[in-house]
Structure formats: structure tokens, C-alpha cells
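Have a look at input.txt; it's compact mmCIF, C-alpha atoms:
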```
# COMPACT_ATOMS: atom_id res chain seq x y z
CA MET A 1 0.95 -33.94 20.37
CA ASN A 2 -2.23 -35.49 19.04
CA CYS A 3 -2.83 -37.00 15.60
CA ARG A 4 -4.64 -33.93 14.29
CA ARG A 5 -1.72 -31.63 14.99
CA ALA A 6 0.77 -34.26 13.85
CA ARG A 7 -0.86 -34.60 10.43
CA ARG A 8 -0.53 -30.88 9.83
CA SER A 9 3.24 -31.13 10.30
CA ILE A 10 3.88 -34.45 8.55
CA PRO A 11 4.10 -32.95 5.00
CA LEU A 12 6.94 -30.71 6.16
CA LEU A 13 8.69 -33.48 8.08
CA ALA A 14 8.67 -35.61 4.93
CA GLY A 15 10.94 -33.07 3.28
CA ASN A 16 12.97 -32.24 6.41
CA ASP A 17 11.52 -28.76 6.48
CA LEU A 18 10.26 -28.76 10.05
CA PRO A 19 12.11 -26.78 12.74
CA GLU A 20 14.11 -29.07 15.02
CA ARG A 21 11.95 -28.59 18.14
CA LYS A 22 8.72 -29.42 16.32
CA ALA A 23 10.36 -32.32 14.51
CA ARG A 24 11.43 -33.80 17.84
CA GLN A 25 7.90 -33.53 19.24
CA LEU A 26 6.48 -35.12 16.11
CA ARG A 27 8.93 -38.02 16.19
CA VAL A 28 7.88 -38.76 19.77
CA HIS A 29 4.28 -38.97 18.57
CA LEU A 30 5.20 -41.11 15.56
CA GLU A 31 6.88 -43.69 17.79
CA ARG A 32 3.53 -44.58 19.30
CA CYS A 33 1.12 -43.90 16.40
CA GLU A 34 1.03 -46.38 13.56
CA MET A 35 -1.49 -44.37 11.48
CA CYS A 36 0.69 -41.26 11.46
CA ARG A 37 3.76 -43.36 10.61
CA LYS A 38 1.86 -44.73 7.61
CA THR A 39 0.89 -41.19 6.54
CA LEU A 40 4.52 -40.09 6.78
CA ARG A 41 5.59 -43.06 4.64
CA GLU A 42 3.03 -42.07 2.00
CA TYR A 43 4.28 -38.51 1.88
CA SER A 44 7.91 -39.57 1.69
CA ALA A 45 7.17 -42.05 -1.10
CA ALA A 46 5.17 -39.48 -3.07
CA LEU A 47 7.94 -36.91 -2.77
CA ARG A 48 10.56 -39.43 -3.77
CA ARG A 49 8.48 -40.43 -6.77
CA VAL A 50 8.00 -36.84 -7.88
CA LYS A 51 11.72 -36.16 -7.60
CA GLU A 52 12.58 -39.24 -9.63
CA LEU A 53 10.11 -38.19 -12.26
CA ALA A 54 11.50 -34.66 -12.34
CA ASP A 55 15.05 -35.97 -12.72
CA ARG A 56 13.97 -38.21 -15.56
CA GLU A 57 12.02 -35.46 -17.29
CA THR A 58 14.64 -32.76 -16.89
CA ALA A 59 15.74 -33.12 -20.43
CA ALA A 60 14.75 -29.70 -21.65
CA ASP A 61 17.82 -27.80 -22.74
CA TRP A 62 18.87 -25.27 -25.31
CA THR A 63 20.61 -26.47 -28.40
CA GLU A 64 24.15 -25.16 -28.62
CA ALA A 65 23.20 -22.87 -31.51
CA GLU A 66 20.23 -21.48 -29.58
CA TRP A 67 22.36 -20.84 -26.52
CA GLN A 68 25.10 -19.08 -28.44
CA ALA A 69 22.58 -16.95 -30.30
CA LEU A 70 20.83 -16.14 -27.05
CA THR A 71 23.92 -15.04 -25.17
CA ALA A 72 25.22 -13.11 -28.15
CA GLY A 73 21.88 -11.30 -28.51
CA THR A 74 21.74 -10.61 -24.80
CA THR A 75 25.16 -9.06 -24.51
CA SER A 76 24.57 -6.83 -27.53
CA ALA A 77 22.14 -4.85 -25.39
CA ARG A 78 23.44 -1.90 -23.44
CA ILE A 79 23.88 -2.22 -19.71
CA GLU A 80 21.41 0.08 -18.03
CA LYS A 81 23.31 2.66 -16.07
CA ARG A 82 21.79 4.24 -13.06
CA PRO A 83 21.16 7.97 -13.35
CA PHE A 84 23.91 10.16 -11.93
CA ILE A 85 21.74 11.40 -9.09
CA PHE A 86 21.19 7.81 -7.90
CA SER A 87 24.88 7.09 -8.00
CA LEU A 88 25.40 9.91 -5.50
CA PHE A 89 23.09 8.42 -2.93
CA GLU A 90 22.57 4.98 -1.60
CA PRO A 91 18.98 3.74 -1.87
CA ARG A 92 18.56 3.79 1.89
CA LEU A 93 19.79 7.37 2.09
CA MET A 94 17.46 8.36 -0.73
CA THR A 95 14.55 6.80 1.11
CA PHE A 96 15.53 8.58 4.28
CA LEU A 97 15.79 11.93 2.48
CA ALA A 98 12.47 11.41 0.72
CA ARG A 99 10.76 10.65 4.00
CA GLY A 100 12.34 13.69 5.64
CA LEU A 101 11.23 15.93 2.79
CA ALA A 102 7.71 14.56 2.98
CA MET A 103 7.62 15.25 6.71
CA VAL A 104 8.84 18.83 6.22
CA VAL A 105 6.21 19.47 3.53
CA ALA A 106 3.53 18.02 5.79
CA ALA A 107 4.69 20.19 8.71
CA VAL A 108 4.59 23.34 6.54
CA ILE A 109 1.07 22.56 5.32
CA ILE A 110 -0.17 21.88 8.85
CA GLY A 111 1.54 25.07 10.10
CA LEU A 112 -0.13 27.16 7.40
CA ILE A 113 -3.51 25.71 8.22
CA PHE A 114 -2.95 26.33 11.95
CA TRP A 115 -1.76 29.91 11.32
CA ASN A 116 -4.77 30.74 9.17
CA THR A 117 -7.27 29.27 11.57
CA VAL A 118 -5.87 30.03 15.01
CA LEU A 119 -2.82 32.29 15.16
CA LYS A 120 -3.38 34.88 12.46
CA PRO A 121 -4.39 38.31 13.94
CA ARG A 122 -7.77 39.35 12.64
CA PRO A 123 -9.27 42.84 12.27
CA ASN A 124 -12.18 43.50 14.59
CA PRO A 125 -15.35 42.52 12.88
CA VAL A 126 -17.61 45.33 11.80
CA VAL A 127 -20.42 45.40 14.28
CA PRO A 128 -23.64 46.29 12.58
CA THR A 129 -25.23 49.31 14.06
CA PRO A 130 -28.19 48.35 16.20
CA ALA A 131 -31.51 49.41 14.89
CA TYR A 132 -32.19 51.68 17.83
CA VAL A 133 -29.24 53.93 16.94
CA ARG A 134 -30.48 54.66 13.49
CA LYS A 135 -32.76 57.42 12.59
CA PRO A 136 -36.26 56.42 13.59
CA GLU A 137 -38.76 56.03 10.84
CA THR A 138 -41.54 57.44 12.89
CA ALA A 139 -41.71 60.83 14.42
CA PRO A 140 -39.69 61.20 17.59
CA PRO A 141 -41.54 61.49 20.83
CA VAL A 142 -42.09 64.93 22.25
CA LEU A 143 -39.43 65.66 24.78
CA PRO A 144 -40.23 67.12 28.13
CA PRO A 145 -39.33 70.84 28.20
CA ASN A 146 -36.56 70.41 30.72
CA LEU A 147 -34.78 67.91 28.46
CA GLN A 148 -35.01 69.87 25.23
CA ASN A 149 -31.65 71.36 24.32
CA LYS A 150 -30.97 74.75 22.84
CA ASN A 151 -30.95 73.59 19.27
CA ASP A 152 -34.39 72.17 19.82
CA ARG A 153 -33.56 69.00 18.02
CA LYS A 154 -36.47 66.76 17.72
CA GLU A 155 -34.71 63.71 16.43
CA PRO A 156 -32.23 61.58 18.32
CA ALA A 157 -28.67 61.88 17.15
CA VAL A 158 -27.56 59.45 14.53
CA LEU A 159 -24.22 58.12 15.54
CA SER A 160 -21.47 56.77 13.48
CA GLN A 161 -22.65 53.45 12.17
CA GLU A 162 -19.25 51.87 12.20
CA ARG A 163 -18.27 51.15 15.75
CA PRO A 164 -20.42 52.79 18.35
CA ILE A 165 -19.37 52.21 21.90
CA ILE A 166 -22.40 51.88 24.07
CA VAL A 167 -22.06 52.35 27.77
CA VAL A 168 -25.08 51.45 29.76
CA GLN A 169 -25.19 53.16 33.10
CA ALA A 170 -27.84 51.80 35.27
CA ARG A 171 -28.21 54.53 37.82
CA GLU A 172 -30.75 56.79 39.31
CA HIS A 173 -30.68 60.07 37.49
CA GLU A 174 -29.00 62.97 39.25
CA ARG A 175 -31.33 65.66 38.15
CA PRO A 176 -34.44 65.64 40.26
CA GLU A 177 -36.47 67.27 37.55
CA THR A 178 -36.14 64.20 35.35
CA ARG A 179 -37.76 62.10 37.95
CA PRO A 180 -41.53 62.03 37.76
CA LYS A 181 -43.17 63.68 40.63
CA GLU A 182 -44.22 61.42 43.36
CA PRO A 183 -47.73 61.75 44.70
CA ALA A 184 -47.97 63.42 48.02
CA GLY A 185 -47.82 61.10 50.93
CA ALA A 186 -46.41 58.29 48.88
CA LYS A 187 -43.83 56.26 50.57
CA LYS A 188 -40.43 57.02 49.16
CA ASN A 189 -38.81 53.99 47.67
CA ASN A 190 -35.38 53.54 46.23
CA ILE A 191 -36.50 51.76 43.15
CA GLN A 192 -34.61 53.05 40.16
CA ASP A 193 -36.97 54.47 37.57
CA VAL A 194 -34.65 56.20 35.07
CA VAL A 195 -31.85 54.62 33.13
CA SER A 196 -29.33 56.48 31.04
CA VAL A 197 -27.49 55.02 28.11
CA THR A 198 -24.32 56.75 26.97
CA LEU A 199 -23.24 56.30 23.35
CA VAL A 200 -19.82 57.50 22.27
CA SER A 201 -18.71 57.54 18.63
CA GLN A 202 -15.15 56.35 18.31
CA ASP A 203 -14.62 58.35 15.13
CA THR A 204 -16.02 61.77 16.03
CA GLY A 205 -16.00 61.65 19.79
CA LEU A 206 -19.70 62.60 19.82
CA LYS A 207 -21.28 61.58 23.09
CA VAL A 208 -25.01 61.19 23.49
CA VAL A 209 -26.85 60.18 26.62
CA TRP A 210 -30.27 58.66 26.26
CA PHE A 211 -32.72 58.47 29.08
CA LEU A 212 -35.09 55.58 29.36
CA ASN A 213 -37.89 55.08 31.83
CA ARG A 214 -38.53 51.98 33.84
CA ASN A 215 -40.30 50.45 30.85
CA PHE A 216 -37.26 51.15 28.71
CA GLN A 217 -39.11 53.71 26.68
CA TRP A 218 -37.05 56.53 25.33
CA VAL A 219 -37.82 59.72 27.14
CA GLY A 220 -35.06 62.09 26.09
CA GLU A 221 -31.40 62.63 25.38
CA GLU A 222 -28.50 64.79 26.39
CA LYS A 223 -25.65 65.72 24.11
CA MET B 1 27.61 -15.54 -4.23
CA ASN B 2 30.92 -17.27 -4.85
CA ASP B 3 34.12 -15.45 -5.68
CA ARG B 4 34.12 -16.52 -9.29
CA GLU B 5 30.64 -15.09 -9.87
CA LYS B 6 31.62 -11.86 -8.18
CA GLU B 7 34.69 -11.63 -10.36
CA LEU B 8 32.65 -12.28 -13.51
CA VAL B 9 30.08 -9.65 -12.56
CA ASP B 10 32.86 -7.11 -12.10
CA VAL B 11 34.35 -8.05 -15.47
CA VAL B 12 31.00 -7.66 -17.24
CA LEU B 13 30.39 -4.33 -15.57
CA ALA B 14 33.86 -3.22 -16.60
CA GLY B 15 32.73 -3.64 -20.21
CA LYS B 16 33.81 -7.14 -21.17
CA THR B 17 30.40 -8.47 -22.11
CA GLU B 18 31.73 -11.86 -23.20
CA ALA B 19 32.08 -12.72 -19.49
CA PHE B 20 28.30 -12.81 -19.17
CA GLU B 21 27.98 -16.20 -20.86
CA PRO B 22 30.17 -18.07 -18.32
CA LEU B 23 28.34 -16.20 -15.54
CA VAL B 24 24.93 -17.63 -16.48
CA LEU B 25 26.09 -20.94 -17.95
CA PRO B 26 25.62 -22.95 -14.69
CA TYR B 27 21.91 -22.01 -14.72
CA ARG B 28 21.32 -22.78 -18.39
CA LYS B 29 19.16 -25.85 -17.79
CA SER B 30 17.54 -24.67 -14.57
CA LEU B 31 16.30 -21.49 -16.22
CA LEU B 32 14.59 -23.39 -18.97
CA ASN B 33 13.13 -26.09 -16.74
CA ILE B 34 11.71 -23.75 -14.10
CA ALA B 35 10.20 -21.55 -16.78
CA HIS B 36 8.77 -24.60 -18.52
CA ARG B 37 7.11 -25.88 -15.36
CA ILE B 38 5.66 -22.48 -14.46
CA THR B 39 4.38 -21.57 -17.92
CA GLY B 40 3.52 -25.15 -18.96
CA ASN B 41 4.71 -24.44 -22.45
CA MET B 42 8.19 -24.82 -23.96
CA GLU B 43 7.79 -21.93 -26.37
CA ASP B 44 6.83 -19.51 -23.60
CA ALA B 45 9.52 -20.99 -21.38
CA LYS B 46 12.23 -20.19 -23.92
CA GLU B 47 10.95 -16.66 -24.34
CA ALA B 48 10.72 -16.15 -20.57
CA ALA B 49 14.26 -17.44 -20.10
CA GLN B 50 15.50 -15.19 -22.89
CA GLU B 51 13.79 -12.17 -21.33
CA THR B 52 15.34 -13.14 -18.00
CA LEU B 53 18.85 -13.17 -19.41
CA MET B 54 18.31 -9.88 -21.19
CA LYS B 55 17.01 -8.19 -18.07
CA ALA B 56 19.78 -9.69 -15.95
CA PHE B 57 22.36 -8.25 -18.32
CA LYS B 58 20.61 -4.91 -18.65
CA TYR B 59 20.20 -4.39 -14.92
CA LEU B 60 23.39 -6.07 -13.73
CA LYS B 61 24.49 -2.68 -12.42
CA SER B 62 21.69 -2.70 -9.85
CA TYR B 63 22.52 -6.23 -8.63
CA ASP B 64 23.56 -6.32 -4.98
CA PRO B 65 26.75 -8.44 -4.67
CA ASN B 66 25.81 -9.34 -1.11
CA ARG B 67 22.91 -11.40 -2.41
CA SER B 68 23.09 -14.72 -4.20
CA PHE B 69 23.37 -14.25 -7.95
CA ARG B 70 21.35 -17.43 -8.53
CA ASN B 71 18.48 -16.21 -6.35
CA TRP B 72 18.52 -12.83 -8.08
CA LEU B 73 18.44 -14.51 -11.49
CA PHE B 74 15.70 -16.96 -10.48
CA GLY B 75 13.66 -14.09 -9.02
CA ILE B 76 13.66 -12.37 -12.42
CA LEU B 77 12.82 -15.67 -14.09
CA VAL B 78 9.82 -16.40 -11.87
CA ASN B 79 8.42 -12.94 -12.58
CA GLU B 80 8.89 -13.32 -16.31
CA ALA B 81 7.38 -16.81 -16.34
CA ARG B 82 4.40 -15.54 -14.36
CA ASN B 83 3.87 -12.80 -16.94
CA PHE B 84 3.92 -15.28 -19.80
CA ARG B 85 1.54 -17.61 -17.97
CA ALA B 86 -0.81 -14.69 -17.26
CA GLU B 87 -0.73 -13.60 -20.89
CA ARG B 88 -1.49 -17.13 -21.99
CA THR B 89 -4.33 -17.42 -19.48
CA ASN B 90 -5.86 -14.05 -20.37
CA ALA B 91 -5.46 -14.42 -24.13
CA PRO B 92 -8.90 -14.52 -25.75
CA LEU B 93 -9.72 -17.83 -27.34
CA SER B 94 -10.63 -17.09 -30.93
CA LEU B 95 -12.30 -19.47 -33.32
CA GLU B 96 -11.40 -17.26 -36.23
CA THR B 97 -8.94 -18.85 -38.61
CA ASP B 98 -7.48 -17.75 -41.87
CA GLU B 99 -10.69 -18.78 -43.55
CA GLY B 100 -12.67 -17.37 -40.65
CA THR B 101 -14.68 -20.54 -40.19
CA GLU B 102 -14.84 -23.26 -37.65
CA ARG B 103 -14.31 -25.71 -40.45
CA GLY B 104 -11.05 -24.01 -41.17
CA LEU B 105 -9.93 -24.53 -37.57
CA ALA B 106 -10.71 -28.20 -37.80
CA ALA B 107 -8.88 -28.45 -41.06
CA ASN B 108 -5.80 -26.48 -39.99
CA GLY B 109 -5.54 -27.48 -36.32
CA PRO B 110 -2.84 -29.93 -35.31
CA ALA B 111 -3.83 -33.49 -34.81
CA PRO B 112 -3.34 -34.84 -31.27
CA GLY B 113 -0.59 -37.11 -32.44
CA ASP B 114 1.27 -34.23 -34.03
CA ALA B 115 1.13 -32.21 -30.83
CA TYR B 116 2.55 -35.11 -28.87
CA ALA B 117 5.29 -35.47 -31.42
CA ALA B 118 6.10 -31.77 -31.07
CA GLY B 119 6.68 -32.30 -27.38
CA GLU B 120 3.97 -29.85 -26.36
CA THR B 121 1.87 -32.32 -24.44
CA ARG B 122 2.09 -32.02 -20.73
CA SER B 123 4.55 -34.23 -18.94
CA ARG B 124 3.35 -36.71 -16.36
CA LEU B 125 4.82 -34.60 -13.59
CA MET B 126 3.07 -31.47 -14.81
CA GLU B 127 -0.22 -33.35 -14.92
CA CYS B 128 0.12 -33.88 -11.20
CA LEU B 129 1.03 -30.26 -10.60
CA THR B 130 -2.17 -28.97 -12.21
CA VAL B 131 -3.95 -29.43 -8.88
CA LEU B 132 -1.77 -26.76 -7.30
CA THR B 133 -2.39 -23.04 -7.22
CA ALA B 134 0.16 -20.77 -8.89
CA ARG B 135 1.89 -19.91 -5.61
CA GLU B 136 1.91 -23.53 -4.39
CA LYS B 137 3.37 -24.65 -7.69
CA GLU B 138 6.17 -22.08 -7.52
CA VAL B 139 7.06 -23.07 -3.97
CA PHE B 140 6.90 -26.79 -4.77
CA LEU B 141 9.07 -26.39 -7.87
CA LEU B 142 11.74 -24.38 -6.11
CA ARG B 143 11.90 -26.50 -2.96
CA ASP B 144 11.11 -30.04 -4.06
CA ILE B 145 12.21 -30.07 -7.69
CA GLU B 146 15.06 -27.56 -7.75
CA GLN B 147 16.07 -28.49 -4.18
CA LEU B 148 16.47 -24.91 -2.98
CA SER B 149 16.18 -24.20 0.73
CA ILE B 150 13.11 -22.62 2.31
CA THR B 151 15.04 -19.36 2.80
CA GLU B 152 16.19 -19.26 -0.81
CA ALA B 153 12.68 -19.94 -2.09
CA ALA B 154 11.37 -17.15 0.13
CA GLU B 155 14.01 -14.76 -1.22
CA ILE B 156 13.25 -15.62 -4.83
CA LEU B 157 9.49 -15.36 -4.43
CA LYS B 158 9.79 -12.32 -2.13
CA ILE B 159 7.58 -13.86 0.54
CA SER B 160 8.23 -14.92 4.14
CA SER B 161 9.64 -18.30 5.15
CA ILE B 162 6.43 -19.02 7.02
CA SER B 163 4.42 -18.42 3.87
CA VAL B 164 6.73 -20.77 1.98
CA ARG B 165 6.21 -23.49 4.61
CA VAL B 166 2.43 -23.07 4.58
CA ASN B 167 2.24 -23.24 0.79
CA LEU B 168 4.71 -26.11 0.67
CA SER B 169 2.71 -28.14 3.17
CA ARG B 170 -0.49 -27.64 1.17
CA ALA B 171 1.27 -28.43 -2.09
CA ARG B 172 2.71 -31.72 -0.78
CA LYS B 173 -0.65 -32.77 0.54
CA LYS B 174 -2.35 -32.04 -2.79
CA VAL B 175 0.39 -33.75 -4.80
CA LYS B 176 0.22 -36.86 -2.62
CA GLU B 177 -3.55 -37.05 -3.05
CA ALA B 178 -3.27 -36.37 -6.77
CA ILE B 179 -0.76 -39.19 -7.16
CA LEU B 180 -3.05 -41.60 -5.33
CA THR B 181 -6.28 -40.60 -7.07
CA GLU B 182 -5.67 -38.82 -10.37
CA CYS B 183 -2.25 -40.18 -11.37
CA PRO B 184 -2.32 -43.77 -10.18
CA HIS B 185 0.31 -44.69 -12.75
CA LEU B 186 2.77 -42.64 -10.68
CA ALA B 187 1.72 -44.22 -7.42
CA GLU B 188 2.86 -47.70 -8.29
CA ASP B 189 6.21 -47.19 -6.70
CA ALA B 190 4.89 -44.94 -3.98
CA ARG B 191 2.67 -47.55 -2.43
```
Serialized structure, C-alpha cells:
Amino acid sequence: MNCRRARRSIPLLAGNDLPERKARQLRVHLERCEMCRKTLREYSAALRRVKELADRETAADWTEAEWQALTAGTTSARIEKRPFIFSLFEPRLMTFLARGLAMVVAAVIIGLIFWNTVLKPRPNPVVPTPAYVRKPETAPPVLPPNLQNKNDRKEPAVLSQERPIIVVQAREHERPETRPKEPAGAKKNNIQDVVSVTLVSQDTGLKVVWFLNRNFQWVGEEK
Amino acid sequence: MNDREKELVDVVLAGKTEAFEPLVLPYRKSLLNIAHRITGNMEDAKEAAQETLMKAFKYLKSYDPNRSFRNWLFGILVNEARNFRAERTNAPLSLETDEGTERGLAANGPAPGDAYAAGETRSRLMECLTVLTAREKEVFLLRDIEQLSITEAAEILKISSISVRVNLSRARKKVKEAILTECPHLAEDAR
């Protein structure tokens, strides 16, 4: 132990307030350090002086009349009784119960939040009807004669706007008449040039097939 | 807590309030002296001690018999004395007197000699303790003046033993320096 560390512990050693192990180490240092011994003597003398002074000055006391009046006044007060509910439970048990209750409340709140955000079944969101299903503002294109139906409808069908199911079938059309005529001598290729889109209304069961060319331009429909 | 104190507490709680006086009688002087040294004022000390006894009686039902009655009582006292000291420290200093003039204060204020005669001047010991902080003073009073152990002081002040040791070490250092520099009249024997 060096002098710097020793001087931090000397005030406590002067009043015998140092743990035994540290006190032993400090005494070893004091045996070979005159300066620290002098410091310890100063502390011990100061403490002794203060205690003497305190003993001499400890003269403050109640007069007998004051004391009697004080104790009489004190005991005239009512002893505070603990509420009945507290008498049923020990403080530790009450603390335990309060903590348990708080944990249950917290668990319920977290569960409600989790249910509302993750677990709660939700209705399918209303899908807005795409613009191309609605009635076109402009006049419909003139259908080829082979695609015009008996009712000679000139406007595409307006489907239920709630939940249309759209099935896109990317396939070459079966009917050869829908395919544009190939120029004579042209090499036959297998490139798909007609696409049909089938729309089925979930509410009415109405099924409409639209035909689109390779540029995705509407060319006709089939009901 | 000794058996006699335990017996007296039971008697008081059973309804015989006259047993309270012998229960607190051993601490009659200590209560007043500790309060006096914390508040620095005998009038406040008496009021703090009185409040302590009243609270001790009122809440005797909540006292834990496994603890020391003295430490429980001194714990209440330290809190009360702190409150009185804080009130005294925070009280606004007013120059208004009955006449509302400064001249009136000079005319009505006590002369220094009168104050000394009334015993309100600080004692030589308390002059030395003015260099300490509130916490250091409480620790020093309980350990070095009232001769309580470190553990008891920690229990009364509701702090750890380590904190008591740290504050005690600082307090002793300050008191030693104060005796040597600011209160040389006390150092005559110490040298």
C-alpha cells in the first residue's frame, strides 16, 4: 500500500471503522511511514477532541414539566390502525399480488393489441373495379361481323363492380375466323396474336370473354 | 430490540398508553440533542422531537418488532429534523416588521448579547460542523457523536454501509481541517 491509498483509509481507521483486512494492510504501511503515522495521530486527536466537546455540550434536555406535557400530549392521540384490508395481507404478499395483477393487465393489453393487428380475421377488401371494366365513355369499336352476337350489342358488358374475377387466358384463339388472314405465301409462325380475357361476376355468374389483339386492343367479346 | 421494549410496545398497542413514556424515556436526551445538531436551533429541535414522538405513537402499529426500536425512532427523528431544517432554509427572509420599516427591525431585533444569553448562539462544536454537507453531518453525528455503529447509521438514514463509510471519511477529513484552520481554539489539545 502506498501513501496515497493509505491516506484515503486513515480517517476510517481513526474511528475503527475499517474492515479488518484493510486495517491490517494499513497498519503494515504505517509501521514504515512516519508521515502517515502523523496523519493518523492528527485524525485520532481531532476525533477525540470533538467527542469531548460533544460530551461537555450535551446538556440540552427537557425540563420535567416539558417532558410530562409532551408525553401526555403524545399519548392523547389515537394510534393509527391499519386498514382492515392491510391486516389481511402481509406487505410482501400485497406487493407480490400487485405485481401479479400488473403483469396480468399488461398481458391482456398486449394480447388485445396483437389480436387486433395480427390475428383478427378480416373481410376481404373491396377491390375497386378496374377502369377497363366500366362502361366506356367513348363509342365502342365496331365489332367484326363474325363476333357480333344476336342481340347486336355495341357496348361491352358492364360487370358487377364489386368483386369481378378476371381470368386471363393467354392462348391462341380456337376459332380460325378470329385470326386475321395471313398473306399468301407467308411463312406460318406460331406467334400468338389473339388473347382472350374471361371475366366472371361472382354475384350474377355472368361470364364475358374479351378478345384482345397482339397490341392489347379490344377487338370483341363473347358472352 | 430488547425484551423490555418489546413488552412495552405490546402493552401500548393493547391500549395502555401510559406505557409509552417509559418506552421512549431512554432516548429523551438523544432525541433532543440529535435534532438540535441537525436543525441548529433549539426551538426547531424541540418541535422536531415532539413530532417524532407523536408519529412514533401514532404509527406504533406499523413498527416491525424485528427491528431496533431505537433505530426506528431515530429514523423518524432524522426525517423530521431534516424537514425543519429545510423549512428554515427555504423560509423567505423578510425585512418587514410590525412597523414595516427597516428601522423597526433594528429597533425590535435582539441584541447579540441577548441572543447569546438565550442560548441560541451556535455551540463551538456546531461551528466546526458547518463545513459539512447535510448528509455528512448526519453520518458524523450518528457515528462519532452518538456512537452508533456503521450498520445502525445506515439503517437510520436508509442508505448503504458503503455510503456511510464514504460520507464518514469525508466528514472526518473536513472536521480535522476545520479544527486546524477555522477553529484553532479546539485544536489546542489535538496538536
Give me, as number ranges by chain, the contact residues of chain A against chain B at a cut-off of 10 Å, counting only C-alpha atoms. A: 8-15, 17-18, 41-55, 57-62, 66-68, 70-82
Between atom CA of Leu97 of chain A and atom CA of Ile109 of chain A, what distance in Å does the model show, to one decimal?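 Calculated distance between atom CA of Leu97 of chain A and atom CA of Ile109 of chain A is 18.4 Å.
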Contact residues around Asn83 of chain B with only C-alpha atoms at 10 Å, ignoring same-chain residues under 5 positions, as a list in words: Thr39, Asp44, Ala48, Leu77, Val78, Arg88 and Thr89 of chain B
Would you work out the distance separating atom CA of Val105 of chain A from atom CA of Thr117 of chain A, expressed in Å to one decimal?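 Interatomic distance, atom CA of Val105 of chain A to atom CA of Thr117 of chain A: 18.5 Å.
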What is the distance, in Å and to one decimal place, between atom CA of Leu157 of chain B and atom CA of Gly75 of chain B? 6.3 Å
Just the residues within 10 Å of Phe216 of chain A, please, counting all atoms listed in the file, with nothing from its chain fewer than 2 positions along; format it as a list in words.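 So the residues in contact are Asp193, Val194, Val195, Ser196, Phe211, Leu212, Asn213, Arg214, Trp218 and Val219 of chain A.
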Mind dumping the selected residues with C-alpha atoms as a CSV table (one decimal), in the coordinates of the input?
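again.csv was written with the following content:
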```
chain,number,residue,atom,x,y,z
A,193,ASP,CA,-37.0,54.5,37.6
A,194,VAL,CA,-34.6,56.2,35.1
A,195,VAL,CA,-31.8,54.6,33.1
A,196,SER,CA,-29.3,56.5,31.0
A,211,PHE,CA,-32.7,58.5,29.1
A,212,LEU,CA,-35.1,55.6,29.4
A,213,ASN,CA,-37.9,55.1,31.8
A,214,ARG,CA,-38.5,52.0,33.8
A,218,TRP,CA,-37.0,56.5,25.3
A,219,VAL,CA,-37.8,59.7,27.1
```
For a quick check of understanding, using all atoms listed in the file, which of A:Lys223, A:Asn215, A:Arg27, A:Arg56 has the smallest distance to Leu199 of chain A? A:Lys223
